[in-house]
file start.txt (compact mmCIF, C-alpha atoms)
# COMPACT_ATOMS: atom_id res chain seq x y z
CA MET Z 1 0.00 0.00 0.00
CA GLN Z 2 1.36 3.42 -0.89
CA ALA Z 3 2.12 5.70 2.06
CA ASN Z 4 0.03 8.77 2.36
CA PRO Z 5 2.45 11.58 1.42
CA ALA Z 6 1.00 13.78 4.14
CA GLU Z 7 1.57 11.13 6.78
CA ALA Z 8 5.09 10.40 5.47
CA ALA Z 9 6.26 14.00 6.02
CA PRO Z 10 8.31 14.35 9.26
CA VAL Z 11 6.78 16.07 12.25
CA ILE Z 12 8.86 19.14 13.01
CA GLY Z 13 9.36 20.58 16.50
CA ARG Z 14 7.31 17.96 18.31
CA SER Z 15 9.33 14.92 19.28
CA ALA Z 16 12.96 14.96 17.99
CA PRO Z 17 14.32 18.49 17.34
CA ALA Z 18 15.89 19.18 13.95
CA PRO Z 19 19.75 19.15 14.03
CA SER Z 20 20.03 22.92 13.41
CA ASP Z 21 17.96 23.70 16.58
CA THR Z 22 20.31 21.54 18.73
CA ARG Z 23 23.42 23.31 17.43
CA GLY Z 24 21.80 26.71 17.99
CA LYS Z 25 20.88 25.87 21.58
CA HIS Z 26 24.41 24.80 22.50
CA TRP Z 27 25.89 27.87 20.87
CA ILE Z 28 23.48 30.25 22.57
CA SER Z 29 24.03 28.53 25.93
CA ALA Z 30 27.80 29.03 25.61
CA GLU Z 31 27.27 32.64 24.54
CA VAL Z 32 25.02 33.31 27.54
CA LYS Z 33 27.65 31.91 29.90
CA ARG Z 34 30.32 34.07 28.23
CA LEU Z 35 28.16 37.21 28.47
CA GLU Z 36 27.30 36.56 32.12
CA GLN Z 37 30.99 36.06 32.89
CA GLU Z 38 31.78 39.31 31.10
CA SER Z 39 29.10 41.10 33.15
CA ARG Z 40 30.80 39.92 36.32
CA PHE Z 41 34.17 41.20 35.06
CA LEU Z 42 32.63 44.56 34.12
CA GLU Z 43 31.00 44.90 37.55
CA GLU Z 44 34.34 44.18 39.21
CA GLU Z 45 35.96 46.82 37.03
CA LEU Z 46 33.24 49.35 37.96
CA GLN Z 47 33.90 48.71 41.63
CA GLN Z 48 37.67 49.19 41.07
CA LEU Z 49 36.96 52.41 39.19
CA GLU Z 50 35.01 53.80 42.16
CA LYS Z 51 38.29 53.65 44.11
CA THR Z 52 40.51 54.95 41.29
CA GLU Z 53 41.96 58.45 41.50
CA LYS Z 54 41.56 61.04 38.74
CA LEU Z 55 44.09 61.19 35.91
CA SER Z 56 45.77 64.36 37.22
CA ALA Z 57 46.69 62.68 40.53
CA GLY Z 58 49.69 60.82 39.13
CA LEU Z 59 51.00 63.39 36.67
CA GLN Z 60 53.37 65.38 38.86
CA GLU Z 61 55.26 62.21 39.73
CA PHE Z 62 55.19 61.18 36.06
CA LEU Z 63 56.69 64.46 34.81
CA LEU Z 64 59.44 64.45 37.43
CA LYS Z 65 60.29 60.83 36.73
CA VAL Z 66 60.64 61.36 32.96
CA GLU Z 67 62.76 64.48 33.46
CA SER Z 68 65.06 62.73 35.95
CA VAL Z 69 66.32 60.03 33.54
CA PRO Z 70 69.44 60.93 31.47
CA ASP Z 71 68.51 60.62 27.78
CA PRO Z 72 71.23 60.85 25.08
CA LEU Z 73 68.72 61.71 22.36
CA LEU Z 74 67.66 64.96 24.04
CA PRO Z 75 69.50 68.20 23.23
CA GLU Z 76 69.72 68.87 26.97
CA THR Z 77 69.38 66.22 29.58
CA THR Z 78 70.11 65.63 33.21
CA GLY Z 79 73.38 63.99 34.24
CA PRO Z 80 75.44 62.03 34.84
CA ALA Z 81 76.69 61.57 31.28
CA ASN Z 82 77.23 57.98 30.22
CA THR Z 83 80.53 57.69 28.35
CA SER Z 84 79.31 54.59 26.49
CA TRP Z 85 77.03 56.89 24.50
CA ASP Z 86 80.03 58.35 22.68
CA ARG Z 87 80.77 55.16 20.74
CA TRP Z 88 77.72 55.81 18.57
CA PHE Z 89 79.12 59.11 17.34
CA GLU Z 90 82.50 57.76 16.30
CA GLY Z 91 83.19 55.63 13.27
CA PRO Z 92 81.26 55.43 9.98
CA GLN Z 93 78.59 58.02 9.42
CA ASP Z 94 76.07 58.40 6.63
CA THR Z 95 78.03 60.42 4.05
CA GLN Z 96 74.91 61.68 2.29
CA GLY Z 97 73.86 63.59 5.36
CA CYS Z 98 70.61 63.67 7.18
CA ARG Z 99 67.39 64.90 5.55
CA CYS Z 100 65.39 65.23 8.72
CA LEU Z 101 62.95 68.12 8.86
CA ILE Z 102 63.20 69.78 12.21
CA LEU Z 103 60.21 71.80 13.39
CA MET J 1 15.66 25.48 29.71
CA SER J 2 13.75 25.85 26.46
CA PHE J 3 15.26 27.37 23.35
CA SER J 4 13.11 30.48 23.58
CA GLU J 5 13.96 30.94 27.28
CA LEU J 6 17.63 30.71 26.35
CA LYS J 7 17.19 33.30 23.65
CA ASP J 8 15.49 35.64 26.14
CA ARG J 9 18.38 35.14 28.53
CA HIS J 10 20.82 35.92 25.72
CA VAL J 11 19.03 39.19 24.96
CA ALA J 12 19.03 40.13 28.66
CA ALA J 13 22.71 39.24 29.11
CA THR J 14 23.67 41.27 26.02
CA ALA J 15 21.70 44.27 27.32
CA MET J 16 23.37 43.96 30.74
CA VAL J 17 26.86 43.88 29.21
CA ASN J 18 26.08 46.95 27.06
CA THR J 19 24.66 48.85 30.05
CA LEU J 20 27.69 48.05 32.18
CA ARG J 21 30.07 49.09 29.38
CA ASP J 22 28.24 52.45 29.05
CA ARG J 23 28.44 53.03 32.81
CA LEU J 24 32.13 52.13 32.77
CA ASN J 25 32.81 54.58 29.91
CA GLN J 26 30.91 57.37 31.65
CA LYS J 27 32.69 56.80 34.96
CA ARG J 28 36.08 56.73 33.25
CA GLN J 29 35.31 59.97 31.36
CA GLN J 30 34.57 61.66 34.68
CA LEU J 31 38.04 60.74 35.92
CA LEU J 32 39.82 62.16 32.85
CA ASP J 33 40.13 65.70 34.25
CA THR J 34 43.15 66.56 32.10
CA ASP J 35 45.80 64.92 29.94
CA VAL J 36 49.59 64.83 30.11
CA ALA J 37 50.08 67.80 27.74
CA GLY J 38 47.49 69.95 29.48
CA TYR J 39 49.11 69.32 32.84
CA ALA J 40 52.68 69.78 31.54
CA LYS J 41 51.79 73.15 29.98
CA SER J 42 50.09 74.25 33.19
CA GLN J 43 53.36 73.49 34.98
CA GLY J 44 55.31 75.69 32.57
CA ARG J 45 56.95 72.92 30.56
CA THR J 46 57.89 73.66 26.95
CA ALA J 47 58.52 71.28 24.11
CA VAL J 48 61.97 69.85 23.38
CA ASN J 49 63.84 72.02 20.85
CA PHE J 50 66.05 70.26 18.36
CA SER J 51 68.73 71.97 16.29
CA SER J 52 70.04 70.48 13.04
CA THR J 53 72.93 68.75 14.82
CA ASP J 54 70.94 67.24 17.67
CA LEU J 55 69.44 64.11 16.15
CA VAL J 56 71.42 62.86 13.17
CA CYS J 57 71.56 59.48 11.47
CA CYS J 58 74.75 57.77 12.52
CA ARG J 59 74.32 54.36 10.89
CA THR J 60 72.48 53.05 7.85
CA LEU J 61 72.28 49.27 7.78
CA GLN J 62 72.02 48.20 4.16
CA GLY J 63 71.59 44.63 3.01
CA HIS J 64 67.95 43.64 2.91
CA THR J 65 66.33 43.52 -0.52
CA GLY J 66 62.74 43.63 0.70
CA LYS J 67 60.64 45.50 3.26
CA VAL J 68 61.96 45.25 6.78
CA TYR J 69 59.03 44.35 9.01
CA SER J 70 60.64 43.98 12.39
CA LEU J 71 63.84 44.41 14.35
CA ASP J 72 65.09 43.83 17.88
CA TRP J 73 68.18 44.82 19.88
CA THR J 74 70.22 42.64 22.23
CA PRO J 75 69.95 43.75 25.89
CA GLU J 76 73.52 45.16 25.61
CA LYS J 77 72.27 47.32 22.72
CA ASN J 78 75.17 46.45 20.43
CA ARG J 79 73.58 43.96 18.00
CA ILE J 80 70.37 43.94 16.03
CA VAL J 81 68.29 41.24 14.36
CA SER J 82 66.09 42.39 11.49
CA ALA J 83 63.45 40.47 9.54
CA SER J 84 62.52 41.14 5.95
CA GLN J 85 60.16 39.71 3.40
CA ASP J 86 63.20 39.10 1.23
CA GLY J 87 63.07 35.92 3.28
CA ARG J 88 66.01 36.57 5.59
CA LEU J 89 66.94 37.50 9.09
CA ILE J 90 70.11 39.57 9.29
CA ILE J 91 72.15 39.93 12.46
CA TRP J 92 74.07 43.20 12.58
CA ASN J 93 76.88 44.54 14.70
CA ALA J 94 75.17 47.89 15.22
CA LEU J 95 78.39 49.72 16.08
CA THR J 96 80.32 48.68 12.96
CA SER J 97 77.28 48.18 10.66
CA GLN J 98 78.68 44.77 9.70
CA LYS J 99 76.46 41.76 9.15
CA THR J 100 77.43 38.77 11.25
CA HIS J 101 74.71 36.38 10.00
CA ALA J 102 72.24 36.29 7.12
CA ILE J 103 69.73 33.56 7.84
CA LYS J 104 67.62 32.21 5.00
CA LEU J 105 64.16 31.47 6.35
CA PRO J 106 62.03 28.40 5.57
CA CYS J 107 59.09 30.78 5.08
CA ALA J 108 59.78 34.16 3.48
CA TRP J 109 56.62 35.77 4.88
CA VAL J 110 58.15 36.81 8.15
CA MET J 111 56.46 39.46 10.30
CA THR J 112 58.39 39.53 13.57
CA CYS J 113 61.73 38.71 15.18
CA SER J 114 63.33 38.80 18.61
CA PHE J 115 66.82 38.44 20.09
CA ALA J 116 67.22 36.07 23.04
CA PRO J 117 68.58 37.75 26.20
CA ASN J 118 71.80 35.69 26.06
CA GLY J 119 72.46 36.92 22.50
CA TYR J 120 72.93 33.39 21.12
CA SER J 121 69.47 32.78 19.64
CA VAL J 122 66.92 34.60 17.58
CA ALA J 123 63.25 33.86 16.99
CA CYS J 124 60.98 34.79 14.11
CA GLY J 125 57.42 34.15 12.99
CA GLY J 126 54.98 35.03 10.25
CA LEU J 127 52.39 33.72 7.86
CA ASP J 128 53.46 30.09 8.38
CA SER J 129 51.77 30.31 11.84
CA GLU J 130 54.96 29.03 13.45
CA CYS J 131 57.75 30.58 15.46
CA SER J 132 61.23 29.40 14.41
CA ILE J 133 64.23 29.57 16.73
CA PHE J 134 67.80 29.74 15.37
CA ASN J 135 70.93 29.18 17.44
CA LEU J 136 73.58 31.54 16.06
CA ASN J 137 76.40 29.21 17.12
CA SER J 138 75.03 26.21 15.19
CA GLN J 139 76.96 24.65 12.33
CA VAL J 140 75.57 25.68 8.99
CA ASP J 141 74.19 22.91 6.75
CA ARG J 142 75.53 21.79 3.36
CA ASP J 143 73.88 24.73 1.63
CA GLY J 144 75.46 27.17 4.02
CA ASN J 145 72.19 27.82 5.85
CA LEU J 146 71.76 28.00 9.60
CA PRO J 147 69.40 25.19 10.58
CA VAL J 148 66.24 25.81 12.57
CA SER J 149 66.92 24.60 16.12
CA ARG J 150 63.30 24.59 17.33
CA VAL J 151 59.88 25.25 15.82
CA LEU J 152 57.02 26.39 18.03
CA THR J 153 53.83 25.07 16.49
CA GLY J 154 50.27 25.42 17.73
CA HIS J 155 48.98 28.79 16.60
CA LYS J 156 46.02 28.56 14.25
CA GLY J 157 46.84 31.85 12.58
CA TYR J 158 49.82 33.97 11.56
CA VAL J 159 52.41 34.94 14.16
CA SER J 160 52.38 38.73 14.16
CA SER J 161 54.76 39.39 17.03
CA CYS J 162 57.18 37.59 19.31
CA GLU J 163 59.40 38.59 22.20
CA PHE J 164 61.75 36.64 24.47
CA VAL J 165 61.07 37.14 28.17
CA ARG J 166 63.99 39.33 29.21
CA ASP J 167 65.28 37.53 32.28
CA GLN J 168 64.54 34.03 31.00
CA ASP J 169 66.27 32.75 27.88
CA THR J 170 63.89 29.81 27.69
CA ARG J 171 60.58 31.66 27.48
CA LEU J 172 59.00 33.50 24.59
CA ILE J 173 55.63 35.18 24.10
CA THR J 174 53.89 35.31 20.72
CA GLY J 175 50.84 37.19 19.42
CA SER J 176 48.79 35.73 16.60
CA GLY J 177 46.09 36.22 14.02
CA ASP J 178 44.21 33.41 15.82
CA GLN J 179 43.32 36.06 18.50
CA THR J 180 45.54 34.53 21.18
CA CYS J 181 48.89 35.16 22.78
CA VAL J 182 50.99 32.21 23.91
CA LEU J 183 53.80 31.79 26.44
CA TRP J 184 56.23 29.11 25.20
CA ASP J 185 59.00 27.05 26.72
CA VAL J 186 61.58 27.30 23.94
CA THR J 187 63.67 24.33 25.15
CA THR J 188 60.76 21.88 24.87
CA GLY J 189 58.66 23.67 22.27
CA GLN J 190 55.62 23.36 24.55
CA ARG J 191 52.94 25.97 25.16
CA ILE J 192 52.98 26.94 28.85
CA SER J 193 49.91 29.20 28.70
CA VAL J 194 47.40 30.47 26.14
CA PHE J 195 45.97 33.96 26.69
CA GLY J 196 42.55 34.50 25.15
CA GLY J 197 40.86 32.20 22.66
CA GLU J 198 38.13 30.20 24.33
CA PHE J 199 38.20 32.16 27.54
CA PRO J 200 36.26 35.40 28.00
CA SER J 201 38.15 38.73 28.17
CA GLY J 202 40.50 37.61 25.39
CA HIS J 203 40.87 39.58 22.20
CA THR J 204 38.00 39.23 19.76
CA SER J 205 40.16 39.69 16.69
CA ASP J 206 43.75 39.24 15.46
CA VAL J 207 46.55 40.10 17.87
CA LEU J 208 49.01 42.33 16.02
CA SER J 209 51.60 43.24 18.62
CA ILE J 210 52.86 42.40 22.12
CA SER J 211 55.24 44.11 24.52
CA ILE J 212 56.66 42.63 27.74
CA ASN J 213 57.07 44.92 30.74
CA SER J 214 60.83 45.47 31.25
CA SER J 215 60.29 46.20 34.98
CA ASN J 216 58.10 43.15 35.63
CA SER J 217 58.41 40.38 33.07
CA ASN J 218 55.27 38.67 34.41
CA MET J 219 53.21 41.39 32.70
CA PHE J 220 52.75 41.98 29.00
CA VAL J 221 50.39 44.00 26.87
CA SER J 222 48.85 43.04 23.53
CA GLY J 223 47.29 45.12 20.74
CA SER J 224 44.61 43.85 18.39
CA CYS J 225 42.35 44.41 15.40
CA ASP J 226 39.52 44.61 17.96
CA ALA J 227 40.78 48.19 18.64
CA THR J 228 41.79 47.40 22.22
CA ALA J 229 44.98 46.76 24.10
CA ARG J 230 44.91 44.18 26.91
CA LEU J 231 47.17 43.61 29.87
CA TRP J 232 48.04 40.05 30.85
CA ASP J 233 49.75 38.42 33.81
CA THR J 234 51.63 35.35 32.57
CA ARG J 235 50.66 33.55 35.77
CA ILE J 236 46.92 34.05 35.10
CA ALA J 237 45.92 32.81 31.66
CA SER J 238 42.20 32.66 32.34
CA ARG J 239 41.46 36.36 31.89
CA ALA J 240 43.02 39.64 30.88
CA ILE J 241 43.91 41.87 33.85
CA ARG J 242 42.57 44.96 32.07
CA THR J 243 41.25 46.08 28.68
CA TYR J 244 42.14 49.53 27.34
CA HIS J 245 39.62 51.23 25.07
CA GLY J 246 40.05 54.43 23.09
CA HIS J 247 41.36 53.64 19.64
CA HIS J 248 38.94 53.61 16.71
CA GLY J 249 40.85 51.11 14.61
CA ASP J 250 43.30 48.20 14.70
CA VAL J 251 46.00 48.59 17.33
CA ASN J 252 49.05 47.74 15.21
CA THR J 253 51.74 48.33 17.78
CA VAL J 254 52.13 48.42 21.57
CA LYS J 255 55.27 49.29 23.53
CA PHE J 256 55.82 49.61 27.27
CA PHE J 257 57.05 52.96 28.54
CA PRO J 258 60.55 52.75 30.06
CA ASP J 259 59.20 53.03 33.64
CA GLY J 260 57.06 49.94 33.15
CA GLN J 261 53.96 51.69 34.50
CA ARG J 262 52.58 53.03 31.24
CA PHE J 263 52.51 51.89 27.66
CA GLY J 264 52.09 53.42 24.22
CA THR J 265 49.97 52.22 21.32
CA GLY J 266 49.73 53.02 17.60
CA SER J 267 46.67 52.43 15.47
CA ASP J 268 44.93 52.41 12.10
CA ASP J 269 43.05 55.47 13.38
CA GLY J 270 46.25 57.45 12.83
CA THR J 271 46.89 58.19 16.50
CA CYS J 272 49.28 57.04 19.17
CA ARG J 273 48.05 56.90 22.74
CA LEU J 274 49.62 56.61 26.17
CA PHE J 275 47.82 54.52 28.80
CA ASP J 276 48.38 54.10 32.54
CA MET J 277 48.75 50.37 33.10
CA ARG J 278 47.41 50.33 36.66
CA THR J 279 44.47 52.75 36.50
CA GLY J 280 43.53 52.12 32.85
CA HIS J 281 43.40 55.88 32.15
CA GLN J 282 44.13 57.08 28.65
CA LEU J 283 46.78 59.69 29.54
CA GLN J 284 47.36 61.28 26.15
CA VAL J 285 46.46 61.12 22.46
CA TYR J 286 49.14 61.94 19.85
CA SER J 287 47.26 62.94 16.75
CA GLN J 288 48.35 64.57 13.50
CA GLN J 289 46.13 67.41 12.38
CA GLN J 290 44.32 66.69 9.15
CA ALA J 291 44.98 69.43 6.62
CA ASN J 292 42.24 68.17 4.37
CA ASN J 293 39.33 65.98 5.37
CA ASP J 294 39.45 64.17 2.05
CA GLN J 295 42.94 62.89 2.68
CA ASP J 296 43.35 59.58 4.44
CA VAL J 297 45.18 59.92 7.73
CA PRO J 298 48.33 57.75 7.62
CA ILE J 299 48.12 54.79 9.97
CA VAL J 300 50.66 54.20 12.72
CA THR J 301 52.68 51.07 12.01
CA SER J 302 55.29 51.08 14.80
CA ILE J 303 56.38 53.05 17.88
CA ALA J 304 59.31 53.25 20.27
CA PHE J 305 60.27 55.42 23.27
CA SER J 306 63.66 56.96 24.05
CA ILE J 307 65.19 55.70 27.31
CA SER J 308 63.63 58.44 29.45
CA GLY J 309 60.33 58.21 27.61
CA ARG J 310 60.47 61.91 26.72
CA LEU J 311 60.55 61.10 23.01
CA LEU J 312 58.02 58.92 21.19
CA PHE J 313 59.11 57.72 17.76
CA ALA J 314 56.19 56.81 15.50
CA GLY J 315 56.39 55.25 12.03
CA TYR J 316 53.48 55.84 9.65
CA SER J 317 52.19 54.05 6.57
CA ASN J 318 53.22 56.94 4.28
CA GLY J 319 56.86 56.42 5.21
CA ASP J 320 57.15 59.27 7.70
CA CYS J 321 58.69 58.84 11.12
CA TYR J 322 57.63 61.50 13.60
CA VAL J 323 59.39 62.31 16.84
CA TRP J 324 56.82 63.39 19.43
CA ASP J 325 57.54 65.18 22.69
CA THR J 326 55.65 62.73 24.91
CA LEU J 327 54.94 65.28 27.65
CA LEU J 328 53.77 68.16 25.43
CA ALA J 329 52.15 66.00 22.70
CA GLU J 330 53.86 68.01 19.97
CA VAL J 331 55.73 66.71 16.94
CA ARG J 332 59.34 67.96 17.07
CA ILE J 333 60.86 66.25 14.04
CA ILE J 334 59.40 64.85 10.85
CA GLN J 335 61.95 62.39 9.56
CA LEU J 336 61.58 61.27 6.00
CA VAL J 337 62.51 57.80 4.78
CA HIS J 338 66.06 57.77 3.41

call {"tool": "encode", "arguments": {"input": "start.txt", "output": "structure tokens"}}
result
Amino acid sequence: MQANPAEAAPVIGRSAPAPSDTRGKHWISAEVKRLEQESRFLEEELQQLEKTEKLSAGLQEFLLKVESVPDPLLPETTGPANTSWDRWFEGPQDTQGCRCLIL
Amino acid sequence: MSFSELKDRHVAATAMVNTLRDRLNQKRQQLLDTDVAGYAKSQGRTAVNFSSTDLVCCRTLQGHTGKVYSLDWTPEKNRIVSASQDGRLIIWNALTSQKTHAIKLPCAWVMTCSFAPNGYSVACGGLDSECSIFNLNSQVDRDGNLPVSRVLTGHKGYVSSCEFVRDQDTRLITGSGDQTCVLWDVTTGQRISVFGGEFPSGHTSDVLSISINSSNSNMFVSGSCDATARLWDTRIASRAIRTYHGHHGDVNTVKFFPDGQRFGTGSDDGTCRLFDMRTGHQLQVYSQQQANNDQDVPIVTSIAFSISGRLLFAGYSNGDCYVWDTLLAEVRIIQLVH
């Protein structure tokens, strides 16, 4: 006896879920866990930020620290001079000269 | 839980994350009461003034026949390794300009290189998704090539950056197009830790650059196509310590400030930025003024600080190298490609 085409068609969404629904559920479940974990991290960061000082608070120390380190590339710098810097200015130099544009 | 209940939870969780991010941004904006340049000017500081004899080229290292993508100094600052897409690493005596090694690479598409602290090894990586280690004292093979002494395999994308951990010759950190950073044991070739990837708070796009803190080698920062920089503790792989927002494009380059408490970044958005590692504050933006809105702003491809941090060197995609006064946020020299 020939099967009734209508009865032969699979029942969707009732007993066994279609494969694409199963993959979607696992993916969304993992995404939800990731988002909830990220929320917890963001809340922790908000709490840390409540106790964080303004930007200006650390700048005086920052300026003084930078200015206290001898720097051979600066036209004027604090001492002491490091004699090992001199080796870079002896020996072969670029004979074509430098084409740097100084502002 | 049903599928539709899960979907509702997903919507709610997404909304919560977005709300928290907005609150975080607003709170951080309230704390940004000035920037480094504003404060420095208020304290009477003026920009560094260079004369024509103050910053001159003293060495030109010629030998590569293709673009040079990366270089690294030895800790003694007397030798350099450079990597080029001519398919070679070259080791230079920086004082004499002489080449001591020219290493033919198994894969020409190299993007990064690093000198080991002991000066005997170099590492490189690129589009082959591997990091190759060469021992400079090895015997060359029949073709006169230095053999690879170790290959670090495991990344699922290109290796964009690599750096040896400064006080440990056996450890190396890589950044990759597979969105992760990895800490390797070079002697065994094993991955010790993976930063990002499956875990939350990792980068959500390619990692383009890493920089290890010279004051505390347990800490390193990474820059990514997801427009953020992230701080990692090598002892805690499960999450980033902090994420730094601000850039509007790929973060191509990150470099720790000499004091180890701040770091600089350079981006596709054409700006460099200085961040405070501990507080997360964006301390300063270094931005070229656009003469014409129709012109594309050159992107920042690489940065470096002078040893005091007063000077920020920035290389751009149009071939310019600018020297910024870090404290006054002013360009002091525009150095053209030679």

call {"tool": "interface_residues", "arguments": {"input": "start.txt", "of": "chain J", "to": "chain Z", "cutoff": "7 Å", "atoms": "all atoms listed in the file", "output": "PDB file with C-alpha atoms, in the coordinates of the input"}}
result
ATOM      1  CA  PHE J   3      15.260  27.370  23.350  1.00  0.00           C
ATOM      2  CA  LEU J   6      17.630  30.710  26.350  1.00  0.00           C
ATOM      3  CA  ARG J   9      18.380  35.140  28.530  1.00  0.00           C
ATOM      4  CA  HIS J  10      20.820  35.920  25.720  1.00  0.00           C
ATOM      5  CA  ALA J  13      22.710  39.240  29.110  1.00  0.00           C
ATOM      6  CA  THR J  14      23.670  41.270  26.020  1.00  0.00           C
ATOM      7  CA  MET J  16      23.370  43.960  30.740  1.00  0.00           C
ATOM      8  CA  VAL J  17      26.860  43.880  29.210  1.00  0.00           C
ATOM      9  CA  LEU J  20      27.690  48.050  32.180  1.00  0.00           C
ATOM     10  CA  LEU J  24      32.130  52.130  32.770  1.00  0.00           C
ATOM     11  CA  LEU J  31      38.040  60.740  35.920  1.00  0.00           C
ATOM     12  CA  LEU J  32      39.820  62.160  32.850  1.00  0.00           C
ATOM     13  CA  ASP J  33      40.130  65.700  34.250  1.00  0.00           C
ATOM     14  CA  THR J  34      43.150  66.560  32.100  1.00  0.00           C
ATOM     15  CA  VAL J  36      49.590  64.830  30.110  1.00  0.00           C
ATOM     16  CA  PHE J  50      66.050  70.260  18.360  1.00  0.00           C
ATOM     17  CA  SER J  52      70.040  70.480  13.040  1.00  0.00           C
ATOM     18  CA  ASP J  54      70.940  67.240  17.670  1.00  0.00           C
ATOM     19  CA  LEU J  55      69.440  64.110  16.150  1.00  0.00           C
ATOM     20  CA  VAL J  56      71.420  62.860  13.170  1.00  0.00           C
ATOM     21  CA  CYS J  57      71.560  59.480  11.470  1.00  0.00           C
ATOM     22  CA  CYS J  58      74.750  57.770  12.520  1.00  0.00           C
ATOM     23  CA  ARG J  59      74.320  54.360  10.890  1.00  0.00           C
ATOM     24  CA  THR J  60      72.480  53.050   7.850  1.00  0.00           C
ATOM     25  CA  LEU J  95      78.390  49.720  16.080  1.00  0.00           C
ATOM     26  CA  PRO J 200      36.260  35.400  28.000  1.00  0.00           C
ATOM     27  CA  THR J 279      44.470  52.750  36.500  1.00  0.00           C
ATOM     28  CA  HIS J 281      43.400  55.880  32.150  1.00  0.00           C
ATOM     29  CA  ILE J 307      65.190  55.700  27.310  1.00  0.00           C
ATOM     30  CA  SER J 308      63.630  58.440  29.450  1.00  0.00           C
ATOM     31  CA  GLY J 309      60.330  58.210  27.610  1.00  0.00           C
ATOM     32  CA  ARG J 310      60.470  61.910  26.720  1.00  0.00           C
ATOM     33  CA  ARG J 332      59.340  67.960  17.070  1.00  0.00           C
ATOM     34  CA  ILE J 333      60.860  66.250  14.040  1.00  0.00           C
ATOM     35  CA  ILE J 334      59.400  64.850  10.850  1.00  0.00           C
ATOM     36  CA  GLN J 335      61.950  62.390   9.560  1.00  0.00           C
ATOM     37  CA  LEU J 336      61.580  61.270   6.000  1.00  0.00           C
TER      38      LEU J 336
END

call {"tool": "residues_near_point", "arguments": {"input": "start.txt", "point": "(44.5, 58.0, 24.5)", "cutoff": "7 Å", "atoms": "all atoms listed in the file", "output": "CSV table (one decimal) with C-alpha atoms, keeping the file's coordinate frame"}}
result
chain,number,residue,atom,x,y,z
J,246,GLY,CA,40.0,54.4,23.1
J,273,ARG,CA,48.0,56.9,22.7
J,274,LEU,CA,49.6,56.6,26.2
J,275,PHE,CA,47.8,54.5,28.8
J,282,GLN,CA,44.1,57.1,28.6
J,283,LEU,CA,46.8,59.7,29.5
J,284,GLN,CA,47.4,61.3,26.2
J,285,VAL,CA,46.5,61.1,22.5

call {"tool": "atom_distance", "arguments": {"input": "start.txt", "atom1": "CA of Leu312 in chain J", "atom2": "CA of Gly270 in chain J"}}
result
14.5 Å

call {"tool": "closest_residue", "arguments": {"input": "start.txt", "among": "J:Glu130, J:Asp276, J:Asp169, J:Asp269", "to": "Asp296 in chain J", "atoms": "only C-alpha atoms"}}
result
J:Asp269

call {"tool": "atom_distance", "arguments": {"input": "start.txt", "atom1": "CA of Asn135 in chain J", "atom2": "CA of Asn93 in chain J"}}
result
16.7 Å

call {"tool": "residues_around", "arguments": {"input": "start.txt", "residues": "His245 in chain J", "least_positions_apart": "6", "cutoff": "10 Å", "atoms": "all atoms listed in the file", "output": "PyMOL selection string"}}
result
chain J and resi 25+226-230+275+280-282

call {"tool": "residues_around", "arguments": {"input": "start.txt", "residues": "Ile236 in chain J", "least_positions_apart": "2", "cutoff": "12 Å", "atoms": "all atoms listed in the file", "output": "ChimeraX atom specification"}}
result
/J:183,192-196,199,218-220,231-234,238-241

call {"tool": "atom_distance", "arguments": {"input": "start.txt", "atom1": "CA of Thr170 in chain J", "atom2": "CA of Thr153 in chain J"}}
result
15.8 Å

call {"tool": "closest_residue", "arguments": {"input": "start.txt", "among": "J:Gln168, J:Thr19, J:Thr74, J:Ser160", "to": "Val122 in chain J", "atoms": "only C-alpha atoms"}}
result
J:Thr74

call {"tool": "residues_around", "arguments": {"input": "start.txt", "residues": "Lys99 in chain J", "least_positions_apart": "5", "cutoff": "10 Å", "atoms": "all atoms listed in the file", "output": "ChimeraX atom specification"}}
result
/J:61-63,79-81,90-94

call {"tool": "closest_residue", "arguments": {"input": "start.txt", "among": "J:Tyr39, J:Phe305, J:Phe115, J:Trp324", "to": "Val254 in chain J", "atoms": "all atoms listed in the file"}}
result
J:Phe305

call {"tool": "residues_around", "arguments": {"input": "start.txt", "residues": "Tyr158 in chain J", "least_positions_apart": "5", "cutoff": "6 Å", "atoms": "all atoms listed in the file", "output": "ChimeraX atom specification"}}
result
/J:126-127,129,176-177

call {"tool": "residues_around", "arguments": {"input": "start.txt", "residues": "Cys225 in chain J", "least_positions_apart": "6", "cutoff": "10 Å", "atoms": "only C-alpha atoms", "output": "list in words"}}
result
Gly177, Gln179, His203, Thr204, Ser205, Asp206, Val207, Leu208, Ser209, His248, Gly249, Asp250, Val251, Asn252, Ser267 and Asp268 of chain J

call {"tool": "residues_near_point", "arguments": {"input": "start.txt", "point": "(65.3, 31.4, 14.3)", "cutoff": "9 Å", "atoms": "all atoms listed in the file", "output": "ChimeraX atom specification"}}
result
/J:89,103,105,113-114,121-125,131-136,146-151
